[in-house]
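Participant: Here you go, run_8.tsv (TSV, C-alpha atoms and all ligand atoms):
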```tsv
chain	number	residue	atom	x	y	z
A	1	MET	CA	8.15	20.16	-17.15
A	2	ARG	CA	9.75	16.71	-16.84
A	3	LYS	CA	8.05	14.25	-14.54
A	4	ILE	CA	9.56	12.03	-11.90
A	5	THR	CA	8.64	8.79	-10.15
A	6	ILE	CA	7.92	8.99	-6.44
A	7	ALA	CA	8.16	5.77	-4.40
A	8	ILE	CA	6.66	5.75	-0.91
A	9	ASP	CA	7.30	2.75	1.30
A	10	GLY	CA	6.98	2.12	5.01
A	11	TYR	CA	5.19	0.30	7.80
A	12	SER	CA	1.40	-0.10	7.91
A	13	SER	CA	-0.68	2.92	8.85
A	14	THR	CA	2.15	5.43	8.59
A	15	GLY	CA	-0.04	7.65	6.43
A	16	LYS	CA	1.61	6.65	3.16
A	17	SER	CA	-1.59	6.90	1.17
A	18	THR	CA	-2.52	10.29	2.66
A	19	ILE	CA	0.77	11.89	1.66
A	20	ALA	CA	0.83	10.03	-1.68
A	21	LYS	CA	-2.63	11.34	-2.60
A	22	GLN	CA	-1.71	14.90	-1.56
A	23	LEU	CA	1.50	14.82	-3.60
A	24	ALA	CA	-0.21	13.37	-6.66
A	25	LYS	CA	-2.87	16.08	-6.51
A	26	ALA	CA	-0.35	18.91	-6.05
A	27	LEU	CA	1.89	17.70	-8.88
A	28	GLY	CA	-0.84	16.47	-11.24
A	29	TYR	CA	0.53	12.92	-11.05
A	30	ILE	CA	-1.20	9.53	-10.97
A	31	TYR	CA	-1.53	7.91	-7.55
A	32	VAL	CA	-1.35	4.14	-7.16
A	33	ASP	CA	-2.06	2.35	-3.88
A	34	THR	CA	-0.37	-1.04	-4.32
A	35	GLY	CA	-1.67	-2.25	-0.93
A	36	ALA	CA	-5.16	-2.18	-2.49
A	37	MET	CA	-3.95	-4.69	-5.11
A	38	TYR	CA	-2.66	-7.13	-2.46
A	39	ARG	CA	-5.86	-6.59	-0.50
A	40	ALA	CA	-8.04	-7.37	-3.55
A	41	VAL	CA	-6.17	-10.65	-4.19
A	42	THR	CA	-6.67	-11.43	-0.48
A	43	LEU	CA	-10.41	-10.76	-0.74
A	44	PHE	CA	-10.57	-13.09	-3.74
A	45	ALA	CA	-8.70	-15.78	-1.75
A	46	MET	CA	-11.03	-15.33	1.24
A	47	ARG	CA	-14.17	-15.54	-0.87
A	48	SER	CA	-12.87	-18.70	-2.53
A	49	GLU	CA	-12.04	-20.07	0.94
A	50	PHE	CA	-8.37	-20.50	0.02
A	51	ILE	CA	-7.41	-18.51	3.10
A	52	GLY	CA	-8.98	-17.35	6.36
A	53	THR	CA	-10.39	-20.78	7.12
A	54	GLU	CA	-8.55	-23.42	9.13
A	55	SER	CA	-6.37	-24.55	6.27
A	56	SER	CA	-5.09	-22.45	3.40
A	57	ASN	CA	-4.78	-23.54	-0.21
A	58	ILE	CA	-2.14	-21.34	-1.76
A	59	GLU	CA	-1.64	-23.70	-4.70
A	60	ALA	CA	-5.27	-23.27	-5.75
A	61	LEU	CA	-4.95	-19.50	-5.50
A	62	VAL	CA	-1.79	-19.47	-7.63
A	63	LYS	CA	-3.57	-21.54	-10.28
A	64	LEU	CA	-6.41	-19.03	-10.44
A	65	LEU	CA	-4.17	-15.93	-10.55
A	66	PRO	CA	-4.64	-15.43	-14.32
A	67	LYS	CA	-8.40	-15.22	-13.67
A	68	ILE	CA	-8.01	-12.37	-11.19
A	69	ASN	CA	-8.58	-9.12	-12.98
A	70	LEU	CA	-7.61	-5.98	-11.11
A	71	LYS	CA	-8.08	-2.42	-12.22
A	72	PHE	CA	-8.25	1.05	-10.75
A	73	VAL	CA	-11.15	3.27	-11.81
A	74	TYR	CA	-11.01	6.95	-10.97
A	75	ASN	CA	-13.99	8.17	-8.92
A	76	GLU	CA	-14.39	11.90	-9.27
A	77	THR	CA	-16.58	12.21	-6.17
A	78	VAL	CA	-13.96	10.78	-3.82
A	79	GLY	CA	-11.01	12.12	-5.80
A	80	PHE	CA	-9.02	8.90	-6.19
A	81	ALA	CA	-9.02	5.65	-8.14
A	82	GLU	CA	-10.97	2.79	-6.59
A	83	MET	CA	-10.06	-0.87	-6.73
A	84	TYR	CA	-12.07	-3.21	-8.93
A	85	LEU	CA	-11.78	-6.98	-8.61
A	86	ASN	CA	-13.20	-8.79	-11.66
A	87	ASN	CA	-15.23	-5.68	-12.51
A	88	GLU	CA	-16.70	-5.27	-9.01
A	89	ASN	CA	-15.90	-2.21	-6.91
A	90	VAL	CA	-14.32	-3.70	-3.76
A	91	GLU	CA	-12.93	-0.48	-2.30
A	92	LYS	CA	-14.91	-0.93	0.94
A	93	GLU	CA	-14.51	-4.68	1.36
A	94	ILE	CA	-10.72	-4.60	1.07
A	95	ARG	CA	-10.33	-2.16	4.00
A	96	THR	CA	-11.83	-4.38	6.74
A	97	LEU	CA	-9.76	-5.78	9.61
A	98	GLU	CA	-10.64	-9.24	8.29
A	99	VAL	CA	-8.74	-8.54	5.06
A	100	SER	CA	-5.94	-6.82	7.01
A	101	ARG	CA	-5.51	-10.01	9.05
A	102	ASN	CA	-4.93	-12.14	5.96
A	103	VAL	CA	-3.20	-9.79	3.54
A	104	SER	CA	0.37	-10.12	4.79
A	105	GLN	CA	0.26	-13.87	4.22
A	106	ILE	CA	-0.98	-13.38	0.65
A	107	ALA	CA	1.79	-10.82	0.09
A	108	THR	CA	4.44	-13.45	0.89
A	109	ILE	CA	3.48	-15.53	-2.18
A	110	GLU	CA	6.10	-15.16	-4.91
A	111	GLU	CA	3.66	-15.64	-7.81
A	112	VAL	CA	1.27	-13.02	-6.42
A	113	ARG	CA	4.13	-10.53	-6.05
A	114	TYR	CA	5.35	-11.25	-9.57
A	115	LYS	CA	1.93	-10.59	-11.11
A	116	LEU	CA	1.33	-7.38	-9.18
A	117	VAL	CA	4.85	-5.97	-9.61
A	118	GLU	CA	4.60	-6.46	-13.41
A	119	MET	CA	1.33	-4.50	-13.43
A	120	GLN	CA	2.83	-1.76	-11.25
A	121	LYS	CA	5.89	-1.37	-13.48
A	122	LYS	CA	3.60	-0.90	-16.50
A	123	MET	CA	1.57	1.76	-14.68
A	124	GLY	CA	4.74	3.74	-14.07
A	125	GLN	CA	6.23	3.58	-17.55
A	126	GLU	CA	5.40	7.20	-18.32
A	127	LYS	CA	6.60	8.53	-14.93
A	128	GLY	CA	4.48	11.24	-13.28
A	129	ILE	CA	3.40	8.70	-10.68
A	130	VAL	CA	3.27	8.46	-6.90
A	131	MET	CA	3.12	4.84	-5.80
A	132	ASP	CA	2.91	3.61	-2.24
A	133	GLY	CA	3.58	0.16	-0.82
A	134	ARG	CA	6.37	-1.89	0.77
A	135	ASP	CA	8.77	-2.64	-2.10
A	136	ILE	CA	8.29	0.31	-4.43
A	137	GLY	CA	11.72	1.92	-3.97
A	138	THR	CA	13.52	-1.43	-3.75
A	139	VAL	CA	11.83	-3.63	-6.38
A	140	VAL	CA	9.16	-1.87	-8.48
A	141	PHE	CA	10.99	1.40	-9.23
A	142	PRO	CA	14.60	1.06	-7.97
A	143	GLU	CA	15.42	4.01	-10.26
A	144	ALA	CA	12.75	6.34	-8.76
A	145	GLU	CA	14.03	9.91	-8.44
A	146	LEU	CA	12.43	10.35	-5.01
A	147	LYS	CA	12.06	7.59	-2.43
A	148	LEU	CA	10.46	8.04	0.96
A	149	PHE	CA	10.37	5.55	3.79
A	150	MET	CA	7.64	6.43	6.29
A	151	THR	CA	7.82	5.42	9.94
A	152	ALA	CA	5.98	6.18	13.20
A	153	SER	CA	5.62	4.36	16.51
A	154	ALA	CA	3.31	1.30	16.50
A	155	GLU	CA	1.04	2.95	19.11
A	156	LYS	CA	0.60	6.11	17.05
A	157	ARG	CA	-0.13	4.08	13.95
A	158	ALA	CA	-2.61	1.80	15.71
A	159	THR	CA	-4.37	4.82	17.19
A	160	ARG	CA	-4.83	6.33	13.72
A	161	ARG	CA	-6.05	3.06	12.19
A	162	TYR	CA	-8.36	2.39	15.15
A	163	LYS	CA	-10.03	5.80	14.68
A	164	GLU	CA	-10.46	5.17	10.95
A	165	LEU	CA	-12.10	1.79	11.56
A	166	LEU	CA	-14.39	3.19	14.26
A	167	ASP	CA	-15.40	6.05	11.96
A	168	LYS	CA	-16.38	3.47	9.36
A	169	GLY	CA	-18.51	1.73	11.96
A	170	ASP	CA	-16.30	-1.38	12.39
A	171	ASP	CA	-16.59	-3.16	15.70
A	172	VAL	CA	-12.93	-3.48	16.77
A	173	THR	CA	-10.85	-2.92	19.89
A	174	PHE	CA	-7.63	-0.88	20.08
A	175	GLU	CA	-5.74	-4.00	21.21
A	176	GLU	CA	-6.85	-5.95	18.12
A	177	VAL	CA	-5.73	-3.15	15.84
A	178	LEU	CA	-2.36	-2.76	17.59
A	179	LYS	CA	-1.77	-6.49	17.38
A	180	ASN	CA	-2.58	-6.45	13.66
A	181	VAL	CA	-0.23	-3.52	13.02
A	182	GLU	CA	2.62	-5.28	14.86
A	183	GLN	CA	2.01	-8.62	13.19
A	184	ARG	CA	1.93	-7.07	9.74
A	185	ASP	CA	5.15	-5.13	10.40
A	186	TYR	CA	6.84	-8.38	11.38
A	187	ILE	CA	5.60	-10.45	8.43
A	188	ASP	CA	6.15	-7.62	5.91
A	189	SER	CA	9.77	-7.08	6.97
A	190	HIS	CA	10.74	-10.74	7.44
A	191	ARG	CA	9.26	-12.39	4.36
A	192	GLU	CA	11.55	-14.09	1.84
A	193	PHE	CA	10.50	-12.21	-1.31
A	194	SER	CA	10.86	-8.42	-1.44
A	195	PRO	CA	10.66	-7.73	2.30
A	196	LEU	CA	9.95	-4.22	3.50
A	197	LYS	CA	13.31	-2.50	3.95
A	198	LEU	CA	14.83	0.91	3.65
A	199	ALA	CA	16.33	1.51	0.19
A	200	ASP	CA	19.89	2.91	0.36
A	201	ASP	CA	18.80	6.12	-1.32
A	202	ALA	CA	15.46	6.60	0.50
A	203	ILE	CA	14.68	9.47	2.85
A	204	GLU	CA	13.49	8.08	6.19
A	205	PHE	CA	10.58	10.15	7.46
A	206	ASP	CA	9.23	9.71	11.00
A	207	ASN	CA	5.84	11.41	11.38
A	208	SER	CA	5.01	10.25	14.94
A	209	ASP	CA	4.86	13.84	16.15
A	210	MET	CA	4.06	15.73	12.99
A	211	GLY	CA	0.83	17.26	11.73
A	212	LEU	CA	-0.39	16.50	8.22
A	213	GLU	CA	0.19	20.02	6.97
A	214	GLU	CA	3.82	20.18	8.05
A	215	GLN	CA	4.44	16.73	6.63
A	216	PHE	CA	2.94	17.70	3.28
A	217	GLU	CA	4.94	20.92	3.01
A	218	ARG	CA	8.21	19.22	3.79
A	219	ILE	CA	7.69	16.32	1.42
A	220	LEU	CA	6.39	18.53	-1.39
A	221	GLY	CA	9.59	20.52	-0.87
A	222	TYR	CA	11.70	17.39	-1.43
A	223	ALA	CA	9.78	16.61	-4.61
A	224	GLN	CA	10.09	20.15	-5.98
A	225	ARG	CA	13.82	20.18	-5.33
A	226	VAL	CA	14.25	16.95	-7.29
A	227	ILE	CA	12.03	18.19	-10.15
A	228	ASN	CA	13.84	21.54	-10.34
A	229	LYS	CA	17.19	19.79	-10.71
A	230	LEU	CA	16.08	17.82	-13.78
B	1	LIG	O1	-0.58	-0.52	2.49
B	1	LIG	P1	-1.59	-1.55	3.02
B	1	LIG	O2	-1.64	-1.62	4.51
B	1	LIG	O3	-2.94	-1.41	2.42
B	1	LIG	O4	-0.99	-2.95	2.50
B	1	LIG	C1	-1.61	-4.16	2.82
B	1	LIG	C2	-0.60	-5.29	2.87
B	1	LIG	O5	-0.13	-5.58	1.56
B	1	LIG	C3	0.63	-5.04	3.72
B	1	LIG	O6	0.50	-5.60	5.02
B	1	LIG	C4	1.74	-5.71	2.96
B	1	LIG	C5	1.24	-5.88	1.57
B	1	LIG	N1	1.94	-5.05	0.57
B	1	LIG	C6	3.10	-5.53	0.05
B	1	LIG	O7	3.59	-6.58	0.46
B	1	LIG	N2	3.73	-4.84	-0.93
B	1	LIG	C7	3.23	-3.69	-1.39
B	1	LIG	N3	3.86	-3.04	-2.37
B	1	LIG	C8	2.03	-3.17	-0.83
B	1	LIG	C9	1.40	-3.88	0.16
```
What do you get writing this file as structure tokens?

Facilitator:
Amino acid sequence: MRKITIAIDGYSSTGKSTIAKQLAKALGYIYVDTGAMYRAVTLFAMRSEFIGTESSNIEALVKLLPKINLKFVYNETVGFAEMYLNNENVEKEIRTLEVSRNVSQIATIEEVRYKLVEMQKKMGQEKGIVMDGRDIGTVVFPEAELKLFMTASAEKRATRRYKELLDKGDDVTFEEVLKNVEQRDYIDSHREFSPLKLADDAIEFDNSDMGLEEQFERILGYAQRVINKL
């Protein structure tokens, strides 16, 4: 059976990775979380004190970009590929609110985007991929056969993210999480290079009031229709 490319974009915490993982599993496709790549570069920048301190040094980060090695390594126990930064598993460290606070700024940097988009395009050369992010349907795979744009109200999204962070034992307040979600939405959709926007041919999918099962069935249905038409 011929394989397609599935691009999933949308605001933060709309459940893009949940649906992307489910689809990849059901179709036997590769799943790539591009947010993890931006988060890993952010972690590198924070550790090098190029960002997150009082002043930021984007020039120094750009100079060191060739030295940042990113790779995904599949972990059978958890059932998805984890992010490695210079051969260190950083899957946990990249999900903190600290990294979330800085990542949108790192994602505005043209050179960072160029490096990561080139890597993402290579990963999708063979199709059979579900990739989630902010610019997948518009920049990385403008020719993707199925494009989804996920939305939900900021409150619903912050509630989901807040629960996740609490479950992980992070000490955060709902207000902090909501503020972060709103700030990231703003920066992600107003930046100069590859802002988050709805591709002309994307399906807009609002899951504010939808359970995971219904969402999965509907979206799998879209994918199967596209695949059957090939
Ligand atoms: O999906 P996420 O919340 O883990 O993404 C983290 C940040 O990375 C998000 O605020 C914007 C940025 N990002 C991006 O600019 N382009 C992508 N393709 C993926 C993420």

Participant: So that each row is one residue of chain A with an atom at most 6 Å from ligand LIG 1 (chain B), can you give its shortest atom pair and the distance in Å to one decimal, using only C-alpha atoms and all ligand atoms, rows by chain and rising number, as CSV?

Facilitator:
```
residue,atom,partner,partner_atom,distance
A:Ser12,CA,B:LIG1,O2,4.8
A:Thr34,CA,B:LIG1,C8,4.7
A:Gly35,CA,B:LIG1,O4,3.6
A:Ala36,CA,B:LIG1,O3,5.4
A:Tyr38,CA,B:LIG1,O5,5.0
A:Arg39,CA,B:LIG1,C1,5.9
A:Val103,CA,B:LIG1,C2,5.2
A:Ser104,CA,B:LIG1,O6,4.5
A:Ala107,CA,B:LIG1,O7,4.6
A:Gly133,CA,B:LIG1,N3,3.6
A:Arg134,CA,B:LIG1,N3,4.2
A:Asp135,CA,B:LIG1,N3,4.9
A:Ile136,CA,B:LIG1,N3,5.9
A:Arg184,CA,B:LIG1,O6,5.1
A:Asp188,CA,B:LIG1,C4,5.6
```

Participant: Atom CA of Lys147 of chain A and atom CA of Ile227 of chain A are how many Å apart?

Facilitator: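 Taking atom CA of Lys147 of chain A as the start and atom CA of Ile227 of chain A as the end point, the length is 13.1 Å.
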
Participant: Between A:Arg101, A:Phe216, A:Lys127, A:Ala202, which one has atoms that come closest to Lys21 of chain A, using all atoms listed in the file?

Facilitator: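 Looking at the shortest contact to Lys21 of chain A, the residue is A:Phe216.
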
Participant: Counting only C-alpha atoms, select every polymer residue within 10 Å of (0.3, -5.4, -6.7) as defined in the file's coordinates, and provide the selection as a list in words.

Facilitator: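 The residues near that point, listed by chain and number, are Val32, Asp33, Thr34, Gly35, Ala36, Met37, Tyr38, Arg39, Ala40, Val41, Leu70, Ala107, Val112, Arg113, Tyr114, Lys115, Leu116, Val117, Glu118, Met119, Gln120, Lys121, Gly133 and Val140 of chain A.
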
Participant: Can I get the selected residues back with C-alpha atoms, as a PDB file, in the coordinates of the input?

Facilitator:
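Generated output (out.pdb):
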```pdb
ATOM      1  CA  VAL A  32      -1.350   4.140  -7.160  1.00  0.00           C
ATOM      2  CA  ASP A  33      -2.060   2.350  -3.880  1.00  0.00           C
ATOM      3  CA  THR A  34      -0.370  -1.040  -4.320  1.00  0.00           C
ATOM      4  CA  GLY A  35      -1.670  -2.250  -0.930  1.00  0.00           C
ATOM      5  CA  ALA A  36      -5.160  -2.180  -2.490  1.00  0.00           C
ATOM      6  CA  MET A  37      -3.950  -4.690  -5.110  1.00  0.00           C
ATOM      7  CA  TYR A  38      -2.660  -7.130  -2.460  1.00  0.00           C
ATOM      8  CA  ARG A  39      -5.860  -6.590  -0.500  1.00  0.00           C
ATOM      9  CA  ALA A  40      -8.040  -7.370  -3.550  1.00  0.00           C
ATOM     10  CA  VAL A  41      -6.170 -10.650  -4.190  1.00  0.00           C
ATOM     11  CA  LEU A  70      -7.610  -5.980 -11.110  1.00  0.00           C
ATOM     12  CA  ALA A 107       1.790 -10.820   0.090  1.00  0.00           C
ATOM     13  CA  VAL A 112       1.270 -13.020  -6.420  1.00  0.00           C
ATOM     14  CA  ARG A 113       4.130 -10.530  -6.050  1.00  0.00           C
ATOM     15  CA  TYR A 114       5.350 -11.250  -9.570  1.00  0.00           C
ATOM     16  CA  LYS A 115       1.930 -10.590 -11.110  1.00  0.00           C
ATOM     17  CA  LEU A 116       1.330  -7.380  -9.180  1.00  0.00           C
ATOM     18  CA  VAL A 117       4.850  -5.970  -9.610  1.00  0.00           C
ATOM     19  CA  GLU A 118       4.600  -6.460 -13.410  1.00  0.00           C
ATOM     20  CA  MET A 119       1.330  -4.500 -13.430  1.00  0.00           C
ATOM     21  CA  GLN A 120       2.830  -1.760 -11.250  1.00  0.00           C
ATOM     22  CA  LYS A 121       5.890  -1.370 -13.480  1.00  0.00           C
ATOM     23  CA  GLY A 133       3.580   0.160  -0.820  1.00  0.00           C
ATOM     24  CA  VAL A 140       9.160  -1.870  -8.480  1.00  0.00           C
TER      25      VAL A 140
END
```

Participant: Please provide as a list in words all residues within 12 Å of Val90 of chain A, with the sequence filter that same-chain residues fewer than 2 positions apart are discarded (counting all atoms listed in the file).

Facilitator: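 Here the answer would be Ala36, Met37, Arg39, Ala40, Val41, Thr42, Leu43, Phe44, Leu70, Lys71, Phe72, Val73, Ala81, Glu82, Met83, Tyr84, Leu85, Asn86, Asn87, Glu88, Lys92, Glu93, Ile94, Arg95, Thr96 and Val99 of chain A.
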
Participant: Convert the current residue selection to file output with C-alpha atoms, as a compact mmCIF listing (two decimals), keeping the file's coordinate frame.

Facilitator:
```txt
# COMPACT_ATOMS: atom_id res chain seq x y z
CA ALA A 36 -5.16 -2.18 -2.49
CA MET A 37 -3.95 -4.69 -5.11
CA ARG A 39 -5.86 -6.59 -0.50
CA ALA A 40 -8.04 -7.37 -3.55
CA VAL A 41 -6.17 -10.65 -4.19
CA THR A 42 -6.67 -11.43 -0.48
CA LEU A 43 -10.41 -10.76 -0.74
CA PHE A 44 -10.57 -13.09 -3.74
CA LEU A 70 -7.61 -5.98 -11.11
CA LYS A 71 -8.08 -2.42 -12.22
CA PHE A 72 -8.25 1.05 -10.75
CA VAL A 73 -11.15 3.27 -11.81
CA ALA A 81 -9.02 5.65 -8.14
CA GLU A 82 -10.97 2.79 -6.59
CA MET A 83 -10.06 -0.87 -6.73
CA TYR A 84 -12.07 -3.21 -8.93
CA LEU A 85 -11.78 -6.98 -8.61
CA ASN A 86 -13.20 -8.79 -11.66
CA ASN A 87 -15.23 -5.68 -12.51
CA GLU A 88 -16.70 -5.27 -9.01
CA LYS A 92 -14.91 -0.93 0.94
CA GLU A 93 -14.51 -4.68 1.36
CA ILE A 94 -10.72 -4.60 1.07
CA ARG A 95 -10.33 -2.16 4.00
CA THR A 96 -11.83 -4.38 6.74
CA VAL A 99 -8.74 -8.54 5.06
```
